[in-house]
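Colleague: Can you keep this structure in mind? I'll have questions shortly.
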Amino acid sequence: MLFSVLVETRLRPGIADPQGATIERSLPALGFEGISGVRVGKAFRFVVEAADEDTARSHADEVTQRFLINPVIEDADVSLSVAETV
């Protein structure tokens with residue numbers, strides 16, 4: 001089976017996010033008021049071929065922890081869904 005994977009990463013709480021801070025400071029000048037707590041992250045999308053969802057999740061989690069994030073400063077959420085066939 002094919003599974004679509006979405007990995008969303010973000011900096012851990014307490015880790016400085018200069019990109020997010022720059023965006024947040026710029027928003028009022030662009031007419032956007034009342035927005036705070038801006039944090040910047042990344043999204044990775046890929047397809048995993050596996051026998052079942054548990055195996056696919058295991059592969060996605062391993063790739064995420066070993067390759068996609070720096071576990072010292074980043075957290076990640078991994079979402080899976082059955083991939084649509086074209």
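A note on labels: chains of the structure tokens are A, B, ... as shown, every chain counts residues from 1, and ligands are counted from 1 in their shown order.
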Which residues come within 7 Å of region 41-50 of chain A, counting only C-alpha atoms, excluding same-chain residues fewer than 2 positions away, as a PDB file with N, CA and C atoms, in the first residue's frame?
Modeller:
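Writing the result to around05.pdb gives the following:
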```pdb
ATOM      1  N   MET A   1       0.832  -1.176   0.000  1.00  0.00           N
ATOM      2  CA  MET A   1       0.000   0.000   0.000  1.00  0.00           C
ATOM      3  C   MET A   1       0.881   1.245   0.000  1.00  0.00           C
ATOM      4  N   LEU A   2       0.336   2.319  -0.549  1.00  0.00           N
ATOM      5  CA  LEU A   2       1.036   3.599  -0.549  1.00  0.00           C
ATOM      6  C   LEU A   2       0.379   4.533   0.456  1.00  0.00           C
ATOM      7  N   PHE A   3       1.207   5.213   1.236  1.00  0.00           N
ATOM      8  CA  PHE A   3       0.733   6.151   2.242  1.00  0.00           C
ATOM      9  C   PHE A   3       1.363   7.514   2.006  1.00  0.00           C
ATOM     10  N   SER A   4       0.528   8.544   1.990  1.00  0.00           N
ATOM     11  CA  SER A   4       1.022   9.921   1.913  1.00  0.00           C
ATOM     12  C   SER A   4       1.413  10.345   3.322  1.00  0.00           C
ATOM     13  N   VAL A   5       2.582  10.961   3.422  1.00  0.00           N
ATOM     14  CA  VAL A   5       3.093  11.393   4.719  1.00  0.00           C
ATOM     15  C   VAL A   5       3.291  12.899   4.690  1.00  0.00           C
ATOM     16  N   LEU A   6       2.872  13.557   5.760  1.00  0.00           N
ATOM     17  CA  LEU A   6       3.123  14.973   5.966  1.00  0.00           C
ATOM     18  C   LEU A   6       3.845  15.106   7.302  1.00  0.00           C
ATOM     19  N   VAL A   7       5.042  15.676   7.258  1.00  0.00           N
ATOM     20  CA  VAL A   7       5.813  15.944   8.471  1.00  0.00           C
ATOM     21  C   VAL A   7       5.894  17.459   8.628  1.00  0.00           C
ATOM     22  N   GLU A   8       5.367  17.961   9.734  1.00  0.00           N
ATOM     23  CA  GLU A   8       5.428  19.394  10.030  1.00  0.00           C
ATOM     24  C   GLU A   8       6.381  19.589  11.205  1.00  0.00           C
ATOM     25  N   THR A   9       7.405  20.412  10.989  1.00  0.00           N
ATOM     26  CA  THR A   9       8.399  20.645  12.029  1.00  0.00           C
ATOM     27  C   THR A   9       8.280  22.067  12.559  1.00  0.00           C
ATOM     28  N   ARG A  10       8.738  22.241  13.786  1.00  0.00           N
ATOM     29  CA  ARG A  10       8.772  23.561  14.410  1.00  0.00           C
ATOM     30  C   ARG A  10       9.853  23.546  15.474  1.00  0.00           C
ATOM     31  N   LEU A  11      10.340  24.738  15.795  1.00  0.00           N
ATOM     32  CA  LEU A  11      11.327  24.847  16.855  1.00  0.00           C
ATOM     33  C   LEU A  11      10.665  24.553  18.195  1.00  0.00           C
ATOM     34  N   ARG A  39       5.635  31.619  14.747  1.00  0.00           N
ATOM     35  CA  ARG A  39       6.742  30.672  14.727  1.00  0.00           C
ATOM     36  C   ARG A  39       6.840  30.113  13.308  1.00  0.00           C
ATOM     37  N   ASP A  52       1.266  -2.032   5.789  1.00  0.00           N
ATOM     38  CA  ASP A  52       0.147  -1.533   6.588  1.00  0.00           C
ATOM     39  C   ASP A  52       0.504  -0.174   7.183  1.00  0.00           C
ATOM     40  N   THR A  55       3.418  -0.013   9.877  1.00  0.00           N
ATOM     41  CA  THR A  55       4.752  -0.085   9.280  1.00  0.00           C
ATOM     42  C   THR A  55       5.109   1.231   8.601  1.00  0.00           C
ATOM     43  N   ALA A  56       4.157   1.812   7.892  1.00  0.00           N
ATOM     44  CA  ALA A  56       4.391   3.102   7.233  1.00  0.00           C
ATOM     45  C   ALA A  56       4.714   4.179   8.260  1.00  0.00           C
TER      46      ALA A  56
END
```
Colleague: Got a sec to tell me which of chain A DSSP assigns to helix (DSSP H, G or I), as a count of residues only?
Modeller: 28
Colleague: Go through A:Ala51, A:Ile23, A:Ala16, A:Ala60 one by one, measure the shortest atom-to-atom distance of each to Ile73 (chain A) using only C-alpha atoms, and give the residue with the smallest value.
Modeller: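 Nearest to Ile73 (chain A): A:Ala16.
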Colleague: When DSSP is applied to the backbone of this structure, which of chain A are assigned strand (DSSP E or B)? Write them out as a list in words.
Modeller: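 Put together, the selection reads Leu2, Phe3, Ser4, Val5, Leu6, Val7, Glu8, Thr9, Arg10, Leu11, Gly41, Lys42, Ala43, Phe44, Arg45, Phe46, Val47, Val48, Glu49, Glu74, Asp75, Ala76, Asp77, Val78, Ser79, Leu80, Ser81 and Val82 of chain A.
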Colleague: Just the residues within 12 Å of Val72 (chain A), please, counting only C-alpha atoms, with nothing from its chain fewer than 6 positions along; format it as a list of chain:residue names.
Modeller: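 Final neighbour list, sorted by chain and number: A:Arg10, A:Leu11, A:Arg12, A:Pro13, A:Gly14, A:Ile15, A:Gln65, A:Arg66.
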Colleague: Only N, CA and C atoms, please: the residues just picked out, written as a PDB file, in the first residue's frame.
Modeller:
```
ATOM      1  N   ARG A  10       8.738  22.241  13.786  1.00  0.00           N
ATOM      2  CA  ARG A  10       8.772  23.561  14.410  1.00  0.00           C
ATOM      3  C   ARG A  10       9.853  23.546  15.474  1.00  0.00           C
ATOM      4  N   LEU A  11      10.340  24.738  15.795  1.00  0.00           N
ATOM      5  CA  LEU A  11      11.327  24.847  16.855  1.00  0.00           C
ATOM      6  C   LEU A  11      10.665  24.553  18.195  1.00  0.00           C
ATOM      7  N   ARG A  12      11.411  23.941  19.092  1.00  0.00           N
ATOM      8  CA  ARG A  12      10.881  23.642  20.423  1.00  0.00           C
ATOM      9  C   ARG A  12      10.650  24.931  21.200  1.00  0.00           C
ATOM     10  N   PRO A  13       9.715  24.916  22.151  1.00  0.00           N
ATOM     11  CA  PRO A  13       9.516  26.095  22.993  1.00  0.00           C
ATOM     12  C   PRO A  13      10.825  26.501  23.663  1.00  0.00           C
ATOM     13  N   GLY A  14      11.065  27.795  23.714  1.00  0.00           N
ATOM     14  CA  GLY A  14      12.282  28.306  24.330  1.00  0.00           C
ATOM     15  C   GLY A  14      13.441  28.486  23.365  1.00  0.00           C
ATOM     16  N   ILE A  15      13.331  27.939  22.165  1.00  0.00           N
ATOM     17  CA  ILE A  15      14.371  28.109  21.136  1.00  0.00           C
ATOM     18  C   ILE A  15      14.032  29.373  20.348  1.00  0.00           C
ATOM     19  N   GLN A  65      12.990  11.379  12.601  1.00  0.00           N
ATOM     20  CA  GLN A  65      13.918  11.523  13.725  1.00  0.00           C
ATOM     21  C   GLN A  65      15.386  11.451  13.305  1.00  0.00           C
ATOM     22  N   ARG A  66      15.695  10.620  12.316  1.00  0.00           N
ATOM     23  CA  ARG A  66      17.096  10.430  11.934  1.00  0.00           C
ATOM     24  C   ARG A  66      17.590  11.392  10.869  1.00  0.00           C
TER      25      ARG A  66
END
```
Colleague: What's the separation between CA of Asp17 (chain A) and CA of Glu74 (chain A), in Å to one decimal place?
Modeller: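 CA of Glu74 (chain A) lies 11.1 Å from CA of Asp17 (chain A).
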